[in-house]
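**Student:** Got a structure for you, written out below as structure tokens; questions coming shortly.
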Amino acid sequence: MSFFSVLQRSKKSKARLGEITTSHGVIKTPAFVPVATKGTLKSLTPSQTQDIGVQVSFVNTYHLVTHPGTDIIENAGGIHEFSKLIYPLMSDSGGFQVFSLARGITQNLTQKDAENKRIANVHGDEQPMVVKIDEDGVTFRSTYDGKVIEFTPEKSMEYQRQIGADLIMAFDECTYYPATHEYAKKAMERTHVWLTRCVSQYQISNIKYQNESAKLKKHQYLYGIIQGGMFEDLRKESAKFVVEQDTPGVAIGGVSVGETKEEMREQVEWVSPYLPPDRPVHLLGVGHIDDILDAVVHGIDTFDCVEPTRLARVGILMQHVTCNMKQIGKSNEIDINKSVYKNNLEPIDELCHCYTCHNFTKSYLHHLFKQRELLGYTLATIHNLSVMESFMEEVRKQIEEGTI
RNA sequence: GUGAUCGUAGCUCAACUGGCAGAGCAUCGCCCUGUGGAGGCGAAUGUUGCGGGUUCAAAUCCCGUCGGUCACC
């Protein structure tokens, strides 16, 4: 059985219906990939994720290296066994975190600035102390225990092998925004060199662990990542190079890093003609439904994004959406924290069939959020992911029916 | 009953020797795209218990009064 098979191609666009087959199950594409950074889809039990219909999740190498450590995960039998997320998983390379967390340095206006900005400018609780960034990779100090952690293409591949996700990402440099053409070119070239090193390491690992992989059903599929920043010439050059490396999958990175929606979509459009017709294509970090729909048309198969789960945890609840672009927009979200819902006994979404909408009212969700009760986060996450899953289901249906 | 003490935004409390009445939370609005149960930006909110007095100027000092708390009868 092949890794990726296209079941149907649209006559109207580059949209396609496909299946990604891994040893942990089949992913029907186009598919949304909710993010389970630290080996957990925040607030949900694995069985809840499966009840929702989640087909695949995204775990994060940077976070798992920091804690609990990839040795721990490998000893536990890999991330599927460790987390009991027993469906297909995808892992990030750590590239995005290393560069997004170390923004102050990669922007690198002057050497003195870089010296002064050793503490990364980052939201959240992880602020790694970046020690060194060069052509070989990135070294930083974990804020968890002070341990020095090194990310190189080879190390990233090895970390990801230990984690054991089904789909893995090449180690790349996510170009910051706004970057100059000069810097974007440099970052792209570095990403390309790193990709060839990832491919070599990937091949070595596949041979070295061939028997074990077969026994433990651990075969991994590598995705090369297209970069190039905001520049058409670089994006196209990167797309050609990455596709030529013949990795099992191809991903588009460095988008949705601060540019406008239009600019983000343009970057996808530029590389669309160069994307491989017979290999899965992943768009990193994109998850607004209108953006997904736009990208599907340009031949993208999978999307990871924190949006639905993160919004759920701040009380932004999505409303049922259709593939009609005119119906997609901000009006499709409600903020359950608002007091207008205090006494509203309707479900969050009349059209939604999820556990939350089937059982609870806006009033109750409002109460849970105002009181910061844990169940609120769970119910909201169940709902938002359900909306995403039913949206993706409709996307697949419409491709099948030839309307996309 | 006597004495002490307190009374400031919806809540908890700041405000030096009398000198533009503030903060946190809550409220309202906005933001979040390879994770951030967070954070950020913005707005609204006052008869400083009440009534007098002193003063150029009172949340602040004085008198009275109402209410709370504590101690002692």
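Letters for chains follow the order of the structure tokens (A, B, ...), residue numbers begin at 1 for each chain, and ligand numbers begin at 1 in the order shown.
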Write out as a list in words which residues come within 8 Å of region 53-57 of chain B when counting only C-alpha atoms (C1' of nucleotides), dropping same-chain ones fewer than 6 positions away.

**Tutor:** G18, G19 and C63 of chain B

**Student:** For Thr302 (chain A), find every residue with an atom within 8 Å (counting only C-alpha atoms (C1' of nucleotides)), except residues of its own chain fewer than 3 positions away, and show them as a PDB file with N, CA and C atoms, in the first residue's frame.

**Tutor:**
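Listing of selection_18.pdb after writing:
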```pdb
ATOM      1  N   THR A  29      -7.724  13.031   3.298  1.00  0.00           N
ATOM      2  CA  THR A  29      -7.360  14.429   3.042  1.00  0.00           C
ATOM      3  C   THR A  29      -8.311  15.061   2.034  1.00  0.00           C
ATOM      4  N   PRO A  30      -8.448  16.389   2.078  1.00  0.00           N
ATOM      5  CA  PRO A  30      -7.800  17.342   2.971  1.00  0.00           C
ATOM      6  C   PRO A  30      -8.187  17.121   4.437  1.00  0.00           C
ATOM      7  N   ALA A  31      -7.180  17.313   5.309  1.00  0.00           N
ATOM      8  CA  ALA A  31      -7.403  17.077   6.734  1.00  0.00           C
ATOM      9  C   ALA A  31      -6.846  18.212   7.570  1.00  0.00           C
ATOM     10  N   PHE A  32      -7.525  18.461   8.677  1.00  0.00           N
ATOM     11  CA  PHE A  32      -7.016  19.423   9.646  1.00  0.00           C
ATOM     12  C   PHE A  32      -6.237  18.659  10.708  1.00  0.00           C
ATOM     13  N   VAL A  33      -5.121  19.223  11.141  1.00  0.00           N
ATOM     14  CA  VAL A  33      -4.234  18.577  12.105  1.00  0.00           C
ATOM     15  C   VAL A  33      -4.170  19.423  13.376  1.00  0.00           C
ATOM     16  N   PRO A 280       1.901  14.055  -0.594  1.00  0.00           N
ATOM     17  CA  PRO A 280       1.069  14.934   0.229  1.00  0.00           C
ATOM     18  C   PRO A 280       1.757  16.270   0.489  1.00  0.00           C
ATOM     19  N   VAL A 281       0.949  17.317   0.545  1.00  0.00           N
ATOM     20  CA  VAL A 281       1.467  18.658   0.787  1.00  0.00           C
ATOM     21  C   VAL A 281       0.826  19.218   2.053  1.00  0.00           C
ATOM     22  N   HIS A 282       1.691  19.672   2.941  1.00  0.00           N
ATOM     23  CA  HIS A 282       1.228  20.204   4.223  1.00  0.00           C
ATOM     24  C   HIS A 282       1.504  21.705   4.280  1.00  0.00           C
ATOM     25  N   LEU A 283       0.536  22.454   4.813  1.00  0.00           N
ATOM     26  CA  LEU A 283       0.735  23.892   5.009  1.00  0.00           C
ATOM     27  C   LEU A 283       0.870  24.139   6.506  1.00  0.00           C
TER      28      LEU A 283
END
```

**Student:** Based on DSSP run over this structure's backbone, return all residues of region 85-297 of chain A in alpha helix (DSSP H), as a PyMOL selection string.

**Tutor:** chain A and resi 95-101+103-107+111-116+153-163+181-208+210-216+232-244+261-271+289-297

**Student:** Within 8 Å of chain A, which residues belong to chain B? Use only C-alpha atoms (C1' of nucleotides) and report them as a PyMOL selection string.

**Tutor:** chain B and resi 33-39

**Student:** How about saving the chosen residues, C-alpha atoms (C1' of nucleotides) kept, as a PDB file, in the first residue's frame?

**Tutor:**
```pdb
ATOM      1  C1'   U B  33      -2.667  31.135  12.277  1.00  0.00           C
ATOM      2  C1'   G B  34       4.391  25.112  12.784  1.00  0.00           C
ATOM      3  C1'   U B  35       0.235  26.324  21.312  1.00  0.00           C
ATOM      4  C1'   G B  36      -0.208  30.935  24.911  1.00  0.00           C
ATOM      5  C1'   G B  37      -5.546  27.135  30.201  1.00  0.00           C
ATOM      6  C1'   A B  38      -1.856  32.995  28.858  1.00  0.00           C
ATOM      7  C1'   G B  39      -0.908  37.697  27.521  1.00  0.00           C
TER       8        G B  39
END
```

**Student:** Take CA of Gly69 (chain A) and CA of Tyr87 (chain A) and report the distance between them in Å, one decimal.

**Tutor:** 21.5 Å

**Student:** Could you list, as a VMD selection string, every residue within 12 Å of G7 (chain B), counting only C-alpha atoms (C1' of nucleotides) and ignoring same-chain residues fewer than 4 positions away?

**Tutor:** chain B and resid 48 to 50 59 66 to 69

**Student:** With only C-alpha atoms as the atoms that count, which of A:Ala15, A:Ser47, A:Ile52, A:Tyr209 lies nearest to Leu275 (chain A)?

**Tutor:** A:Ala15
